[in-house]
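Containing PDB, C-alpha atoms: coords37.pdb.
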```
ATOM      1  CA  MET A   1      95.853 117.672  96.382  1.00  0.00           C
ATOM      2  CA  GLU A   2      97.781 114.810  97.953  1.00  0.00           C
ATOM      3  CA  GLU A   3      99.873 112.730  95.573  1.00  0.00           C
ATOM      4  CA  HIS A   4      98.981 109.019  95.405  1.00  0.00           C
ATOM      5  CA  PRO A   5     101.460 107.033  97.504  1.00  0.00           C
ATOM      6  CA  LEU A   6     102.403 104.790  94.594  1.00  0.00           C
ATOM      7  CA  SER A   7     103.205 107.603  92.183  1.00  0.00           C
ATOM      8  CA  ASP A   8     106.931 107.576  92.937  1.00  0.00           C
ATOM      9  CA  GLU A   9     109.399 106.758  90.208  1.00  0.00           C
ATOM     10  CA  SER A  10     111.291 104.044  92.084  1.00  0.00           C
ATOM     11  CA  GLY A  11     109.303 101.195  90.534  1.00  0.00           C
ATOM     12  CA  THR A  12     108.905  99.509  93.924  1.00  0.00           C
ATOM     13  CA  TRP A  13     105.156  99.020  93.513  1.00  0.00           C
ATOM     14  CA  GLU A  14     105.562  97.489  90.069  1.00  0.00           C
ATOM     15  CA  THR A  15     108.178  95.118  91.503  1.00  0.00           C
ATOM     16  CA  VAL A  16     105.794  94.039  94.289  1.00  0.00           C
ATOM     17  CA  VAL A  17     102.980  93.382  91.809  1.00  0.00           C
ATOM     18  CA  ALA A  18     105.327  91.419  89.540  1.00  0.00           C
ATOM     19  CA  GLU A  19     106.546  89.373  92.520  1.00  0.00           C
ATOM     20  CA  CYS A  20     102.948  88.504  93.455  1.00  0.00           C
ATOM     21  CA  GLU A  21     102.211  87.442  89.888  1.00  0.00           C
ATOM     22  CA  SER A  22     105.350  85.292  89.839  1.00  0.00           C
ATOM     23  CA  LEU A  23     104.442  83.658  93.155  1.00  0.00           C
ATOM     24  CA  ALA A  24     100.921  83.018  91.857  1.00  0.00           C
ATOM     25  CA  ASP A  25     102.347  81.338  88.768  1.00  0.00           C
ATOM     26  CA  ASP A  26     104.451  79.068  90.988  1.00  0.00           C
ATOM     27  CA  TYR A  27     101.319  77.904  92.832  1.00  0.00           C
ATOM     28  CA  ARG A  28      99.364  77.479  89.602  1.00  0.00           C
ATOM     29  CA  GLU A  29     102.123  75.189  88.293  1.00  0.00           C
ATOM     30  CA  ARG A  30     101.427  73.008  91.343  1.00  0.00           C
ATOM     31  CA  ASP A  31      97.695  73.008  90.457  1.00  0.00           C
ATOM     32  CA  TRP A  32      96.658  75.185  93.391  1.00  0.00           C
ATOM     33  CA  THR A  33      93.672  77.494  93.246  1.00  0.00           C
ATOM     34  CA  VAL A  34      95.167  80.991  93.177  1.00  0.00           C
ATOM     35  CA  VAL A  35      93.723  84.484  93.333  1.00  0.00           C
ATOM     36  CA  VAL A  36      95.772  87.658  92.895  1.00  0.00           C
ATOM     37  CA  ALA A  37      93.851  90.637  94.236  1.00  0.00           C
ATOM     38  CA  LEU A  38      95.259  94.067  93.402  1.00  0.00           C
ATOM     39  CA  PRO A  39      94.124  96.655  95.931  1.00  0.00           C
ATOM     40  CA  GLY A  40      92.453  99.927  95.153  1.00  0.00           C
ATOM     41  CA  ASP A  41      93.387 101.135  98.621  1.00  0.00           C
ATOM     42  CA  VAL A  42      95.138  99.815 101.738  1.00  0.00           C
ATOM     43  CA  VAL A  43      94.762 101.470 105.130  1.00  0.00           C
ATOM     44  CA  PRO A  44      96.290 100.499 108.473  1.00  0.00           C
ATOM     45  CA  VAL A  45      93.519 100.231 111.069  1.00  0.00           C
ATOM     46  CA  PRO A  46      92.482 101.542 113.391  1.00  0.00           C
ATOM     47  CA  GLY A  47      93.204 105.004 112.088  1.00  0.00           C
ATOM     48  CA  THR A  48      94.121 107.880 114.346  1.00  0.00           C
ATOM     49  CA  GLY A  49      90.569 109.242 114.506  1.00  0.00           C
ATOM     50  CA  ASP A  50      88.707 105.914 114.624  1.00  0.00           C
ATOM     51  CA  GLU A  51      86.523 105.729 117.717  1.00  0.00           C
ATOM     52  CA  VAL A  52      85.541 102.085 117.215  1.00  0.00           C
ATOM     53  CA  VAL A  53      88.209  99.403 116.781  1.00  0.00           C
ATOM     54  CA  GLU A  54      86.725  96.673 114.564  1.00  0.00           C
ATOM     55  CA  HIS A  55      90.063  95.009 113.894  1.00  0.00           C
ATOM     56  CA  VAL A  56      93.763  95.760 114.069  1.00  0.00           C
ATOM     57  CA  GLY A  57      95.759  95.400 110.898  1.00  0.00           C
ATOM     58  CA  LEU A  58      95.194  96.234 107.256  1.00  0.00           C
ATOM     59  CA  ASP A  59      91.945  97.143 105.531  1.00  0.00           C
ATOM     60  CA  VAL A  60      92.230  96.291 101.835  1.00  0.00           C
ATOM     61  CA  VAL A  61      89.722  97.410  99.220  1.00  0.00           C
ATOM     62  CA  VAL A  62      89.672  95.369  96.014  1.00  0.00           C
ATOM     63  CA  GLY A  63      87.604  95.793  92.889  1.00  0.00           C
ATOM     64  CA  ASP A  64      84.146  94.335  92.514  1.00  0.00           C
ATOM     65  CA  ASP A  65      85.535  92.439  89.510  1.00  0.00           C
ATOM     66  CA  VAL A  66      88.010  90.333  91.562  1.00  0.00           C
ATOM     67  CA  TYR A  67      86.191  90.056  94.886  1.00  0.00           C
ATOM     68  CA  PRO A  68      83.797  87.229  93.824  1.00  0.00           C
ATOM     69  CA  ASP A  69      86.811  85.128  92.735  1.00  0.00           C
ATOM     70  CA  LEU A  70      88.484  85.788  96.088  1.00  0.00           C
ATOM     71  CA  GLU A  71      85.340  84.955  98.048  1.00  0.00           C
ATOM     72  CA  ALA A  72      84.831  81.710  96.089  1.00  0.00           C
ATOM     73  CA  ALA A  73      88.464  80.651  96.581  1.00  0.00           C
ATOM     74  CA  VAL A  74      88.453  81.134 100.354  1.00  0.00           C
ATOM     75  CA  GLU A  75      85.019  79.633 101.014  1.00  0.00           C
ATOM     76  CA  GLY A  76      85.477  76.511 103.110  1.00  0.00           C
ATOM     77  CA  ALA A  77      89.285  76.728 103.048  1.00  0.00           C
ATOM     78  CA  THR A  78      91.345  76.786 106.223  1.00  0.00           C
ATOM     79  CA  PHE A  79      94.180  79.276 105.895  1.00  0.00           C
ATOM     80  CA  ASP A  80      97.073  78.129 108.031  1.00  0.00           C
ATOM     81  CA  GLU A  81     100.211  79.792 106.650  1.00  0.00           C
ATOM     82  CA  TYR A  82     101.415  83.013 105.180  1.00  0.00           C
ATOM     83  CA  GLU A  83     104.609  84.584 104.004  1.00  0.00           C
ATOM     84  CA  ALA A  84     105.398  88.158 103.188  1.00  0.00           C
ATOM     85  CA  PHE A  85     108.171  89.780 101.253  1.00  0.00           C
ATOM     86  CA  ARG A  86     108.672  93.325 102.451  1.00  0.00           C
ATOM     87  CA  ALA A  87     110.332  96.546 101.362  1.00  0.00           C
ATOM     88  CA  VAL A  88     110.282  99.940 103.043  1.00  0.00           C
ATOM     89  CA  SER A  89     110.790 103.033 100.918  1.00  0.00           C
ATOM     90  CA  GLY A  90     109.669 106.645 100.924  1.00  0.00           C
ATOM     91  CA  GLY A  91     107.508 106.331 104.040  1.00  0.00           C
ATOM     92  CA  LEU A  92     105.694 103.266 102.697  1.00  0.00           C
ATOM     93  CA  VAL A  93     105.776  99.590 103.559  1.00  0.00           C
ATOM     94  CA  TYR A  94     105.375  97.408 100.466  1.00  0.00           C
ATOM     95  CA  LEU A  95     104.324  93.774 100.844  1.00  0.00           C
ATOM     96  CA  ALA A  96     103.975  90.767  98.601  1.00  0.00           C
ATOM     97  CA  LEU A  97     101.718  88.740 100.892  1.00  0.00           C
ATOM     98  CA  VAL A  98     100.758  85.133 100.166  1.00  0.00           C
ATOM     99  CA  VAL A  99      98.157  83.538 102.422  1.00  0.00           C
ATOM    100  CA  ARG A 100      97.864  79.755 102.075  1.00  0.00           C
ATOM    101  CA  ALA A 101      95.368  77.034 102.891  1.00  0.00           C
ATOM    102  CA  THR A 102      97.843  74.181 102.517  1.00  0.00           C
ATOM    103  CA  ASP A 103      95.430  71.245 102.907  1.00  0.00           C
ATOM    104  CA  ASP A 104      92.990  72.856 100.450  1.00  0.00           C
ATOM    105  CA  GLU A 105      95.767  73.984  98.073  1.00  0.00           C
ATOM    106  CA  VAL A 106      94.496  77.544  97.876  1.00  0.00           C
ATOM    107  CA  ALA A 107      96.744  80.627  97.771  1.00  0.00           C
ATOM    108  CA  VAL A 108      95.744  84.276  97.871  1.00  0.00           C
ATOM    109  CA  CYS A 109      98.423  86.677  96.647  1.00  0.00           C
ATOM    110  CA  LEU A 110      98.062  90.262  97.790  1.00  0.00           C
ATOM    111  CA  PRO A 111     100.388  93.027  96.663  1.00  0.00           C
ATOM    112  CA  LEU A 112      99.982  95.606  99.432  1.00  0.00           C
ATOM    113  CA  TYR A 113     101.313  98.919 100.651  1.00  0.00           C
ATOM    114  CA  TYR A 114     100.628 101.171 103.605  1.00  0.00           C
ATOM    115  CA  ARG A 115     101.848 104.509 104.898  1.00  0.00           C
ATOM    116  CA  LEU A 116     104.050 104.505 107.971  1.00  0.00           C
ATOM    117  CA  ALA A 117     102.627 107.905 108.936  1.00  0.00           C
ATOM    118  CA  GLU A 118      99.176 106.297 109.330  1.00  0.00           C
ATOM    119  CA  SER A 119     100.364 103.224 111.260  1.00  0.00           C
ATOM    120  CA  GLU A 120     101.159 104.468 114.757  1.00  0.00           C
ATOM    121  CA  ARG A 121      97.891 103.352 116.363  1.00  0.00           C
ATOM    122  CA  MET A 122      98.039  99.948 114.682  1.00  0.00           C
ATOM    123  CA  PHE A 123     101.639  99.482 115.889  1.00  0.00           C
ATOM    124  CA  SER A 124     100.678 100.518 119.421  1.00  0.00           C
ATOM    125  CA  LEU A 125      97.810  98.022 119.613  1.00  0.00           C
ATOM    126  CA  LEU A 126      99.968  95.235 118.177  1.00  0.00           C
ATOM    127  CA  ASP A 127     102.623  96.058 120.765  1.00  0.00           C
ATOM    128  CA  ALA A 128      99.902  95.738 123.432  1.00  0.00           C
ATOM    129  CA  GLY A 129      99.183  92.187 122.244  1.00  0.00           C
ATOM    130  CA  GLU A 130      96.349  92.592 119.732  1.00  0.00           C
ATOM    131  CA  THR A 131      96.237  90.115 116.847  1.00  0.00           C
ATOM    132  CA  MET A 132      96.884  91.461 113.366  1.00  0.00           C
ATOM    133  CA  ARG A 133      94.283  90.820 110.676  1.00  0.00           C
ATOM    134  CA  THR A 134      94.064  91.650 107.002  1.00  0.00           C
ATOM    135  CA  LYS A 135      90.486  92.320 105.890  1.00  0.00           C
ATOM    136  CA  VAL A 136      89.952  92.227 102.121  1.00  0.00           C
ATOM    137  CA  HIS A 137      86.650  93.556 100.840  1.00  0.00           C
ATOM    138  CA  PRO A 138      84.976  95.165  97.833  1.00  0.00           C
ATOM    139  CA  LEU A 139      83.659  98.719  98.036  1.00  0.00           C
ATOM    140  CA  ASP A 140      80.871  97.369 100.261  1.00  0.00           C
ATOM    141  CA  PRO A 141      82.588  97.142 103.674  1.00  0.00           C
ATOM    142  CA  ASP A 142      79.886  94.803 104.998  1.00  0.00           C
ATOM    143  CA  LYS A 143      81.329  92.064 102.780  1.00  0.00           C
ATOM    144  CA  GLY A 144      84.827  90.747 103.182  1.00  0.00           C
ATOM    145  CA  VAL A 145      87.216  87.979 104.066  1.00  0.00           C
ATOM    146  CA  GLU A 146      89.680  88.198 106.895  1.00  0.00           C
ATOM    147  CA  PHE A 147      93.096  86.622 107.333  1.00  0.00           C
ATOM    148  CA  VAL A 148      94.644  86.335 110.814  1.00  0.00           C
ATOM    149  CA  HIS A 149      98.379  86.809 111.362  1.00  0.00           C
ATOM    150  CA  GLU A 150      99.429  85.470 114.763  1.00  0.00           C
ATOM    151  CA  ASP A 151     102.976  86.694 114.094  1.00  0.00           C
ATOM    152  CA  PRO A 152     102.708  90.148 112.503  1.00  0.00           C
ATOM    153  CA  ASP A 153     106.449  90.826 112.221  1.00  0.00           C
ATOM    154  CA  PRO A 154     106.802  89.842 108.531  1.00  0.00           C
ATOM    155  CA  LEU A 155     104.129  92.433 107.679  1.00  0.00           C
ATOM    156  CA  LEU A 156     105.729  95.260 109.626  1.00  0.00           C
ATOM    157  CA  PRO A 157     108.833  97.342 109.032  1.00  0.00           C
ATOM    158  CA  PRO A 158     112.038  96.119 110.689  1.00  0.00           C
ATOM    159  CA  ASP A 159     112.310  97.445 114.238  1.00  0.00           C
ATOM    160  CA  TRP A 160     108.674  98.635 114.097  1.00  0.00           C
ATOM    161  CA  ASP A 161     108.414  98.433 117.866  1.00  0.00           C
ATOM    162  CA  ALA A 162     111.729 100.154 118.686  1.00  0.00           C
ATOM    163  CA  ASP A 163     110.134 103.612 118.803  1.00  0.00           C
ATOM    164  CA  LEU A 164     107.265 102.268 120.928  1.00  0.00           C
ATOM    165  CA  SER A 165     109.703 100.681 123.378  1.00  0.00           C
ATOM    166  CA  SER A 166     111.756 103.855 123.680  1.00  0.00           C
ATOM    167  CA  GLU A 167     108.608 105.930 124.274  1.00  0.00           C
ATOM    168  CA  SER A 168     107.517 103.703 127.160  1.00  0.00           C
ATOM    169  CA  ALA A 169     111.009 103.563 128.719  1.00  0.00           C
TER
END
```
Structure encoded using structure tokens:
Amino acid sequence: MEEHPLSDESGTWETVVAECESLADDYRERDWTVVVALPGDVVPVPGTGDEVVEHVGLDVVVGDDVYPDLEAAVEGATFDEYEAFRAVSGGLVYLALVVRATDDEVAVCLPLYYRLAESERMFSLLDAGETMRTKVHPLDPDKGVEFVHEDPDPLLPPDWDADLSSESA
């Protein structure tokens, strides 16, 4: 049985979650509407075997308990900024992602992770000019909210495209 990717003893995941909570508190102090959505799973898409490409980026499953709060917070808001704090360790990319609707004063804080070993197709499509998106949904994949990242670099490992460039050279 495969070990869960966050079962390492480095404490990196706990640090990412704590960072998201701290960022959320900062926004709450400014009277913003804030949702912190812990993922049950995060998968880079499309996957290696996916025949249909619905979007390029991260597919994030959150619990049915937090999804209604997320959906209510984003409804009608225009998300225009994001920032990500990133760490790479043990074959994983860890992210503390904050997506903001500045005029609406809404922030969504997402502690995320994804496996580098599952990211090759996503990286290739991003290198080809596709736009990165983060889709957050409950167990029902027909529901969901999507955040667009015109500049994906803060969400990717440093030099993510170096291997792609050397392969095409």
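Remark: for Asp153 (chain A), the closest of the candidate residues A:Glu14, A:Asp140, A:Glu83, A:Asp41 is A:Glu83 (distances computed over all atoms listed in the file).
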- Distance in Å - CA of Val148 (chain A) versus CA of Val56 (chain A): 10.0 Å
- Task: Run through the PyMOL selection byres ((chain A and resi 29-35) around 7) on the given coordinates and return the selected residues as a PyMOL selection string.
- Result: chain A and resi 24-28+36-37+69-70+73+105-109
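Of the listed residues (A:Val42, A:Val53, A:Leu95, A:Ala87), A:Val53 comes nearest to Arg121 (chain A); the distances count all atoms listed in the file.
Each of A:Pro157, A:Gly129, A:Gly57, A:Pro138 was checked against Leu38 (chain A) using all atoms listed in the file; the smallest atom-to-atom distance is that of A:Pro138.
Counting from CA of Val88 (chain A), the distance to CA of Pro141 (chain A) is 27.8 Å.
For the choices A:Glu150, A:Glu71, A:Glu130, A:Asp59, the atom-to-atom distance to Pro44 (chain A) is smallest for A:Asp59 when using only C-alpha atoms.
Among the candidate residues A:Lys143, A:Arg100, A:His149, A:His137, the one lying nearest to Glu81 (chain A) is A:Arg100, with distances computed using only C-alpha atoms.
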